[in-house]
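> One file is attached below, model-v4.pdb, containing PDB, C-alpha atoms.
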ATOM      1  CA  MET A   1      32.500  75.772  54.762  1.00  0.00           C
ATOM      2  CA  ALA A   2      29.393  76.739  56.738  1.00  0.00           C
ATOM      3  CA  THR A   3      27.143  75.099  54.132  1.00  0.00           C
ATOM      4  CA  VAL A   4      29.127  71.869  54.345  1.00  0.00           C
ATOM      5  CA  LEU A   5      28.840  71.850  58.152  1.00  0.00           C
ATOM      6  CA  LEU A   6      25.147  72.657  57.885  1.00  0.00           C
ATOM      7  CA  LEU A   7      24.686  69.672  55.549  1.00  0.00           C
ATOM      8  CA  LEU A   8      27.104  67.177  57.094  1.00  0.00           C
ATOM      9  CA  ILE A   9      25.227  66.521  60.348  1.00  0.00           C
ATOM     10  CA  PRO A  10      21.775  66.012  58.773  1.00  0.00           C
ATOM     11  CA  THR A  11      23.304  63.912  55.992  1.00  0.00           C
ATOM     12  CA  LEU A  12      24.867  61.590  58.559  1.00  0.00           C
ATOM     13  CA  GLY A  13      21.524  61.468  60.405  1.00  0.00           C
ATOM     14  CA  ALA A  14      19.669  60.682  57.187  1.00  0.00           C
ATOM     15  CA  VAL A  15      22.125  57.910  56.289  1.00  0.00           C
ATOM     16  CA  LEU A  16      21.714  56.399  59.760  1.00  0.00           C
ATOM     17  CA  ALA A  17      17.917  56.619  59.434  1.00  0.00           C
ATOM     18  CA  ALA A  18      18.102  55.056  55.960  1.00  0.00           C
ATOM     19  CA  GLY A  19      19.982  52.049  57.304  1.00  0.00           C
ATOM     20  CA  MET A  20      17.431  51.552  60.079  1.00  0.00           C
ATOM     21  CA  ASP A  21      14.489  52.070  57.737  1.00  0.00           C
ATOM     22  CA  PHE A  22      15.933  49.662  55.168  1.00  0.00           C
ATOM     23  CA  VAL A  23      16.532  46.907  57.705  1.00  0.00           C
ATOM     24  CA  ARG A  24      13.583  47.393  60.091  1.00  0.00           C
ATOM     25  CA  PHE A  25      11.141  49.758  58.339  1.00  0.00           C
ATOM     26  CA  ARG A  26      11.450  51.916  61.429  1.00  0.00           C
ATOM     27  CA  ILE A  27      13.055  55.280  62.138  1.00  0.00           C
ATOM     28  CA  PRO A  28      13.441  55.885  65.870  1.00  0.00           C
ATOM     29  CA  ASN A  29      11.812  59.059  67.201  1.00  0.00           C
ATOM     30  CA  GLY A  30      14.991  59.837  69.096  1.00  0.00           C
ATOM     31  CA  LEU A  31      16.937  60.109  65.861  1.00  0.00           C
ATOM     32  CA  SER A  32      14.603  62.691  64.330  1.00  0.00           C
ATOM     33  CA  ILE A  33      14.223  64.608  67.599  1.00  0.00           C
ATOM     34  CA  GLY A  34      17.971  64.565  68.221  1.00  0.00           C
ATOM     35  CA  LEU A  35      18.634  65.734  64.686  1.00  0.00           C
ATOM     36  CA  ALA A  36      16.188  68.612  65.097  1.00  0.00           C
ATOM     37  CA  LEU A  37      17.654  69.615  68.458  1.00  0.00           C
ATOM     38  CA  LEU A  38      21.230  69.522  67.111  1.00  0.00           C
ATOM     39  CA  PHE A  39      20.262  72.219  64.625  1.00  0.00           C
ATOM     40  CA  PHE A  40      20.015  74.909  67.301  1.00  0.00           C
ATOM     41  CA  PRO A  41      23.550  74.772  68.732  1.00  0.00           C
ATOM     42  CA  THR A  42      24.882  74.400  65.187  1.00  0.00           C
ATOM     43  CA  ALA A  43      22.968  77.515  64.078  1.00  0.00           C
ATOM     44  CA  TRP A  44      24.354  79.366  67.101  1.00  0.00           C
ATOM     45  CA  LEU A  45      27.921  78.233  66.303  1.00  0.00           C
ATOM     46  CA  LEU A  46      27.492  79.373  62.709  1.00  0.00           C
ATOM     47  CA  GLY A  47      26.280  82.773  63.905  1.00  0.00           C
ATOM     48  CA  PHE A  48      22.753  82.641  62.491  1.00  0.00           C
ATOM     49  CA  ASP A  49      20.814  85.866  62.913  1.00  0.00           C
ATOM     50  CA  ILE A  50      17.087  85.900  63.666  1.00  0.00           C
ATOM     51  CA  ALA A  51      16.164  86.103  59.965  1.00  0.00           C
ATOM     52  CA  GLN A  52      18.213  82.995  59.142  1.00  0.00           C
ATOM     53  CA  LEU A  53      16.797  81.154  62.142  1.00  0.00           C
ATOM     54  CA  MET A  54      13.227  82.038  61.092  1.00  0.00           C
ATOM     55  CA  ASP A  55      13.984  80.902  57.535  1.00  0.00           C
ATOM     56  CA  HIS A  56      14.982  77.473  58.811  1.00  0.00           C
ATOM     57  CA  LEU A  57      12.118  77.242  61.312  1.00  0.00           C
ATOM     58  CA  GLN A  58       9.595  78.056  58.579  1.00  0.00           C
ATOM     59  CA  ALA A  59      11.109  75.510  56.189  1.00  0.00           C
ATOM     60  CA  GLY A  60      11.001  72.908  58.959  1.00  0.00           C
ATOM     61  CA  GLY A  61       7.375  73.825  59.647  1.00  0.00           C
ATOM     62  CA  LEU A  62       6.435  73.426  55.991  1.00  0.00           C
ATOM     63  CA  ALA A  63       8.268  70.078  55.855  1.00  0.00           C
ATOM     64  CA  PHE A  64       6.402  69.002  58.998  1.00  0.00           C
ATOM     65  CA  GLY A  65       3.044  69.969  57.452  1.00  0.00           C
ATOM     66  CA  LEU A  66       3.806  68.193  54.183  1.00  0.00           C
ATOM     67  CA  GLY A  67       5.103  65.121  56.002  1.00  0.00           C
ATOM     68  CA  LEU A  68       2.008  65.073  58.216  1.00  0.00           C
ATOM     69  CA  ALA A  69      -0.253  65.278  55.146  1.00  0.00           C
ATOM     70  CA  LEU A  70       1.622  62.376  53.520  1.00  0.00           C
ATOM     71  CA  PHE A  71       1.390  60.384  56.756  1.00  0.00           C
ATOM     72  CA  LEU A  72      -2.346  61.029  57.136  1.00  0.00           C
ATOM     73  CA  SER A  73      -2.806  60.011  53.484  1.00  0.00           C
ATOM     74  CA  LYS A  74      -1.014  56.743  54.327  1.00  0.00           C
ATOM     75  CA  ILE A  75       1.646  57.493  51.717  1.00  0.00           C
ATOM     76  CA  TRP A  76       4.449  57.805  54.293  1.00  0.00           C
ATOM     77  CA  GLY A  77       5.038  56.331  57.693  1.00  0.00           C
ATOM     78  CA  GLY A  78       5.291  58.521  60.763  1.00  0.00           C
ATOM     79  CA  GLY A  79       9.063  58.128  60.928  1.00  0.00           C
ATOM     80  CA  ASP A  80       9.419  59.423  57.371  1.00  0.00           C
ATOM     81  CA  ALA A  81       7.311  62.480  58.200  1.00  0.00           C
ATOM     82  CA  LYS A  82       9.322  63.292  61.344  1.00  0.00           C
ATOM     83  CA  LEU A  83      12.652  62.804  59.581  1.00  0.00           C
ATOM     84  CA  PHE A  84      11.543  65.054  56.710  1.00  0.00           C
ATOM     85  CA  ALA A  85      10.593  67.785  59.210  1.00  0.00           C
ATOM     86  CA  ALA A  86      13.961  67.523  60.975  1.00  0.00           C
ATOM     87  CA  LEU A  87      15.822  67.700  57.668  1.00  0.00           C
ATOM     88  CA  GLY A  88      13.687  70.645  56.537  1.00  0.00           C
ATOM     89  CA  LEU A  89      14.771  72.523  59.656  1.00  0.00           C
ATOM     90  CA  TRP A  90      18.417  72.075  58.692  1.00  0.00           C
ATOM     91  CA  LEU A  91      17.865  72.954  55.024  1.00  0.00           C
ATOM     92  CA  GLY A  92      15.972  76.226  55.183  1.00  0.00           C
ATOM     93  CA  TRP A  93      14.137  77.681  52.216  1.00  0.00           C
ATOM     94  CA  ASP A  94      17.158  77.755  49.918  1.00  0.00           C
ATOM     95  CA  LEU A  95      17.808  74.025  49.991  1.00  0.00           C
ATOM     96  CA  LEU A  96      14.383  72.552  50.774  1.00  0.00           C
ATOM     97  CA  LEU A  97      13.126  72.532  47.180  1.00  0.00           C
ATOM     98  CA  PRO A  98      16.283  71.052  45.575  1.00  0.00           C
ATOM     99  CA  PHE A  99      16.394  68.442  48.353  1.00  0.00           C
ATOM    100  CA  THR A 100      12.719  67.562  47.877  1.00  0.00           C
ATOM    101  CA  PHE A 101      13.245  67.234  44.122  1.00  0.00           C
ATOM    102  CA  ALA A 102      16.237  64.900  44.575  1.00  0.00           C
ATOM    103  CA  MET A 103      14.391  62.939  47.276  1.00  0.00           C
ATOM    104  CA  VAL A 104      11.308  62.445  45.095  1.00  0.00           C
ATOM    105  CA  LEU A 105      13.435  61.282  42.142  1.00  0.00           C
ATOM    106  CA  ALA A 106      15.371  58.865  44.359  1.00  0.00           C
ATOM    107  CA  GLY A 107      12.150  57.655  46.000  1.00  0.00           C
ATOM    108  CA  GLY A 108      10.497  57.047  42.646  1.00  0.00           C
ATOM    109  CA  LEU A 109      13.494  55.101  41.407  1.00  0.00           C
ATOM    110  CA  LEU A 110      13.628  53.087  44.637  1.00  0.00           C
ATOM    111  CA  ALA A 111       9.904  52.314  44.418  1.00  0.00           C
ATOM    112  CA  LEU A 112      10.255  51.247  40.781  1.00  0.00           C
ATOM    113  CA  ILE A 113      13.195  48.956  41.583  1.00  0.00           C
ATOM    114  CA  LEU A 114      11.328  47.395  44.503  1.00  0.00           C
ATOM    115  CA  LEU A 115       8.203  46.962  42.385  1.00  0.00           C
ATOM    116  CA  LEU A 116      10.194  45.128  39.697  1.00  0.00           C
ATOM    117  CA  LEU A 117      11.991  42.982  42.282  1.00  0.00           C
ATOM    118  CA  ARG A 118       8.695  42.138  43.995  1.00  0.00           C
ATOM    119  CA  LYS A 119       7.250  40.746  40.758  1.00  0.00           C
ATOM    120  CA  ARG A 120      10.145  38.325  40.342  1.00  0.00           C
ATOM    121  CA  ALA A 121      10.050  34.748  41.628  1.00  0.00           C
ATOM    122  CA  TRP A 122      12.961  34.181  44.005  1.00  0.00           C
ATOM    123  CA  PRO A 123      14.720  30.891  44.793  1.00  0.00           C
ATOM    124  CA  GLU A 124      13.714  29.417  48.161  1.00  0.00           C
ATOM    125  CA  ASN A 125      17.080  30.038  49.844  1.00  0.00           C
ATOM    126  CA  ILE A 126      16.804  33.753  49.037  1.00  0.00           C
ATOM    127  CA  ALA A 127      13.063  34.014  49.718  1.00  0.00           C
ATOM    128  CA  ARG A 128      13.596  32.652  53.251  1.00  0.00           C
ATOM    129  CA  HIS A 129      15.882  35.535  54.217  1.00  0.00           C
ATOM    130  CA  LYS A 130      13.994  37.731  56.704  1.00  0.00           C
ATOM    131  CA  LEU A 131      15.196  41.090  55.347  1.00  0.00           C
ATOM    132  CA  LEU A 132      14.437  40.167  51.747  1.00  0.00           C
ATOM    133  CA  ARG A 133      10.975  38.866  52.693  1.00  0.00           C
ATOM    134  CA  ARG A 134      10.317  42.157  54.418  1.00  0.00           C
ATOM    135  CA  LEU A 135      11.566  44.263  51.488  1.00  0.00           C
ATOM    136  CA  LEU A 136      10.135  42.154  48.680  1.00  0.00           C
ATOM    137  CA  GLY A 137       6.758  41.268  50.165  1.00  0.00           C
ATOM    138  CA  ALA A 138       3.865  42.211  47.900  1.00  0.00           C
ATOM    139  CA  LYS A 139       2.463  44.730  50.399  1.00  0.00           C
ATOM    140  CA  ALA A 140       5.772  45.914  51.830  1.00  0.00           C
ATOM    141  CA  ALA A 141       6.386  49.608  52.261  1.00  0.00           C
ATOM    142  CA  VAL A 142       9.150  51.588  50.606  1.00  0.00           C
ATOM    143  CA  PRO A 143      11.912  52.548  53.064  1.00  0.00           C
ATOM    144  CA  TYR A 144      11.693  56.227  52.117  1.00  0.00           C
ATOM    145  CA  ALA A 145      14.491  57.344  54.448  1.00  0.00           C
ATOM    146  CA  VAL A 146      16.775  55.838  51.801  1.00  0.00           C
ATOM    147  CA  ALA A 147      15.467  58.423  49.323  1.00  0.00           C
ATOM    148  CA  MET A 148      15.957  61.185  51.901  1.00  0.00           C
ATOM    149  CA  ALA A 149      19.554  60.081  52.461  1.00  0.00           C
ATOM    150  CA  VAL A 150      20.193  60.126  48.706  1.00  0.00           C
ATOM    151  CA  GLY A 151      18.749  63.650  48.527  1.00  0.00           C
ATOM    152  CA  MET A 152      21.002  64.809  51.383  1.00  0.00           C
ATOM    153  CA  ILE A 153      24.095  63.171  49.862  1.00  0.00           C
ATOM    154  CA  TRP A 154      23.305  64.877  46.548  1.00  0.00           C
ATOM    155  CA  LEU A 155      23.050  68.275  48.274  1.00  0.00           C
ATOM    156  CA  LEU A 156      26.281  67.683  50.186  1.00  0.00           C
ATOM    157  CA  ALA A 157      28.082  66.692  46.980  1.00  0.00           C
ATOM    158  CA  ARG A 158      26.946  69.946  45.337  1.00  0.00           C
ATOM    159  CA  ALA A 159      28.073  72.137  48.277  1.00  0.00           C
TER     160      ALA A 159
END
What is this file in structure tokens?


Amino acid sequence: MATVLLLLIPTLGAVLAAGMDFVRFRIPNGLSIGLALLFFPTAWLLGFDIAQLMDHLQAGGLAFGLGLALFLSKIWGGGDAKLFAALGLWLGWDLLLPFTFAMVLAGGLLALILLLLRKRAWPENIARHKLLRRLLGAKAAVPYAVAMAVGMIWLLARA
């Protein structure tokens, strides 16, 4: 039960971020910050000891460092990096690697689908749609929060 509670809140946050990222290519800072801050009362309610708290803080720190490196390499946007750090805080060491694996698989599949869709010629009535132009533009980014949400849903389904 504790694992489900520990995964439910960040999964809902990731799904919300995915919707925003998909539609606007933007993840609000407040969402990632709020998600990170919600971890602490949840950890207290679940009775985390100092070792468990440190485990989660270290995993969040590693996720922050990796996200920052991907942002500085221009592979991810800043919102993706901050969301990944917030999710890493919730996941701890035990779940960070399986989540990252699922996220990378989902992100690769999403990128492949978008790449194939971007090579296709679209009828004018579809090509004029603002969201589709944004998603299917030749130089458009990949809304990676979608991959993070898939990774979180996968973890929650396994719990």

> Which residues come within 8 Å of Val146 (chain A), counting all atoms listed in the file, excluding same-chain residues fewer than 3 positions away, as number ranges by chain?

A: 14-15, 17-19, 21-22, 107, 143, 149-150

> I'd like the contact shell of region 27-42 of chain A - 7 Å cut-off, all atoms listed in the file, skipping same-chain residues fewer than 5 positions apart - returned as a list in words.

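Once the nearby chain positions are removed, what remains is Pro10, Gly13, Ala17, Met20, Asp21, Gly79, Lys82, Leu83, Ala86, Leu89 and Trp90 of chain A.
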
> When you look at Ala102 (chain A) with a cut-off of 8 Å (counting only C-alpha atoms), what residues show up, excluding the ones that are within fewer than 2 positions of it in the same chain? I need them as a list in words.

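Close residues of Ala102 (chain A): Pro98, Phe99, Thr100, Val104, Leu105, Ala106, Val150, Gly151 and Trp154 of chain A.
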
> What does the structure give for the distance between CA of Ala2 (chain A) and CA of Asp55 (chain A), in Å to one decimal?

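So the answer is 16.0 Å.
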
> Please write as a list of chain:residue names the full residue list that the PyMOL selection byres ((chain A and resi 67) around 10) yields on this file.

A:Gly61, A:Leu62, A:Ala63, A:Phe64, A:Gly65, A:Leu66, A:Leu68, A:Ala69, A:Leu70, A:Phe71, A:Leu72, A:Ser73, A:Ile75, A:Trp76, A:Gly77, A:Gly78, A:Gly79, A:Asp80, A:Ala81, A:Lys82, A:Leu83, A:Phe84, A:Ala85

> Evaluated on this file, the PyMOL selection byres ((chain A and resi 157) around 12) picks out some residues - which ones are they, written as a PyMOL selection string?

chain A and resi 3-4+7-8+11+99+150-156+158-159

> How many Å lie between CA of Ala145 (chain A) and CA of Leu91 (chain A), rounded to one decimal?

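These two atoms are separated by 16.0 Å.
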
> For region 118-132 of chain A, list every protein, DNA or RNA residue within 12 Å, evaluated using all atoms listed in the file, and leave out those in the same chain fewer than 2 positions away; present the list as an mmCIF file with C-alpha atoms, in the frame of the given file.


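Contents of part_1.cif, freshly written:
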data_model
loop_
_atom_site.group_PDB
_atom_site.id
_atom_site.type_symbol
_atom_site.label_atom_id
_atom_site.label_comp_id
_atom_site.auth_asym_id
_atom_site.auth_seq_id
_atom_site.Cartn_x
_atom_site.Cartn_y
_atom_site.Cartn_z
ATOM 1 C CA MET A 20 17.431 51.552 60.079
ATOM 2 C CA ASP A 21 14.489 52.070 57.737
ATOM 3 C CA PHE A 22 15.933 49.662 55.168
ATOM 4 C CA VAL A 23 16.532 46.907 57.705
ATOM 5 C CA ARG A 24 13.583 47.393 60.091
ATOM 6 C CA PHE A 25 11.141 49.758 58.339
ATOM 7 C CA ALA A 111 9.904 52.314 44.418
ATOM 8 C CA LEU A 112 10.255 51.247 40.781
ATOM 9 C CA ILE A 113 13.195 48.956 41.583
ATOM 10 C CA LEU A 114 11.328 47.395 44.503
ATOM 11 C CA LEU A 115 8.203 46.962 42.385
ATOM 12 C CA LEU A 116 10.194 45.128 39.697
ATOM 13 C CA ARG A 134 10.317 42.157 54.418
ATOM 14 C CA LEU A 135 11.566 44.263 51.488
ATOM 15 C CA LEU A 136 10.135 42.154 48.680
ATOM 16 C CA GLY A 137 6.758 41.268 50.165
ATOM 17 C CA ALA A 138 3.865 42.211 47.900
ATOM 18 C CA LYS A 139 2.463 44.730 50.399
ATOM 19 C CA ALA A 140 5.772 45.914 51.830
ATOM 20 C CA ALA A 141 6.386 49.608 52.261
ATOM 21 C CA VAL A 142 9.150 51.588 50.606
#

> One number please: CA of Arg26 (chain A) to CA of Gly88 (chain A), in Å, one decimal.

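Computed distance, CA of Arg26 (chain A) to CA of Gly88 (chain A), equals 19.5 Å.
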
> Report, as lines of an AutoDock Vina configuration file, the centre and edge lengths in Å (one decimal) of the axis-aligned box enclosing every listed atom of region 37-56 of chain A, padded by 5 Å on each side.


center_x = 20.6
center_y = 77.8
center_z = 63.1
size_x = 24.7
size_y = 26.6
size_z = 21.2

> Smallest atom-to-atom distance to His56 (chain A): which of A:Leu110, A:Leu96, A:Lys74, A:Ile9, using only C-alpha atoms?

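Of A:Leu110, A:Leu96, A:Lys74, A:Ile9, the one nearest His56 (chain A) is A:Leu96, counting only C-alpha atoms.
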
> Restore N, CA and C atoms in region 104-115 of chain A and list the result as a tab-separated table (two decimals), in the coordinates of the input.


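So selection.tsv came out as:
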chain	number	residue	atom	x	y	z
A	104	VAL	N	12.43	63.02	45.85
A	104	VAL	CA	11.31	62.44	45.10
A	104	VAL	C	11.83	61.60	43.93
A	105	LEU	N	12.85	62.08	43.23
A	105	LEU	CA	13.44	61.28	42.14
A	105	LEU	C	14.02	59.97	42.68
A	106	ALA	N	14.78	60.07	43.77
A	106	ALA	CA	15.37	58.86	44.36
A	106	ALA	C	14.29	57.92	44.87
A	107	GLY	N	13.25	58.48	45.49
A	107	GLY	CA	12.15	57.66	46.00
A	107	GLY	C	11.39	56.96	44.89
A	108	GLY	N	11.17	57.66	43.79
A	108	GLY	CA	10.50	57.05	42.65
A	108	GLY	C	11.31	55.92	42.05
A	109	LEU	N	12.61	56.14	41.93
A	109	LEU	CA	13.49	55.10	41.41
A	109	LEU	C	13.54	53.90	42.35
A	110	LEU	N	13.63	54.16	43.65
A	110	LEU	CA	13.63	53.09	44.64
A	110	LEU	C	12.32	52.29	44.58
A	111	ALA	N	11.20	52.99	44.49
A	111	ALA	CA	9.90	52.31	44.42
A	111	ALA	C	9.80	51.47	43.15
A	112	LEU	N	10.28	51.99	42.04
A	112	LEU	CA	10.26	51.25	40.78
A	112	LEU	C	11.11	49.99	40.87
A	113	ILE	N	12.31	50.12	41.43
A	113	ILE	CA	13.20	48.96	41.58
A	113	ILE	C	12.54	47.91	42.48
A	114	LEU	N	11.98	48.35	43.61
A	114	LEU	CA	11.33	47.40	44.50
A	114	LEU	C	10.12	46.75	43.84
A	115	LEU	N	9.37	47.51	43.09
A	115	LEU	CA	8.20	46.96	42.38
A	115	LEU	C	8.64	45.87	41.40
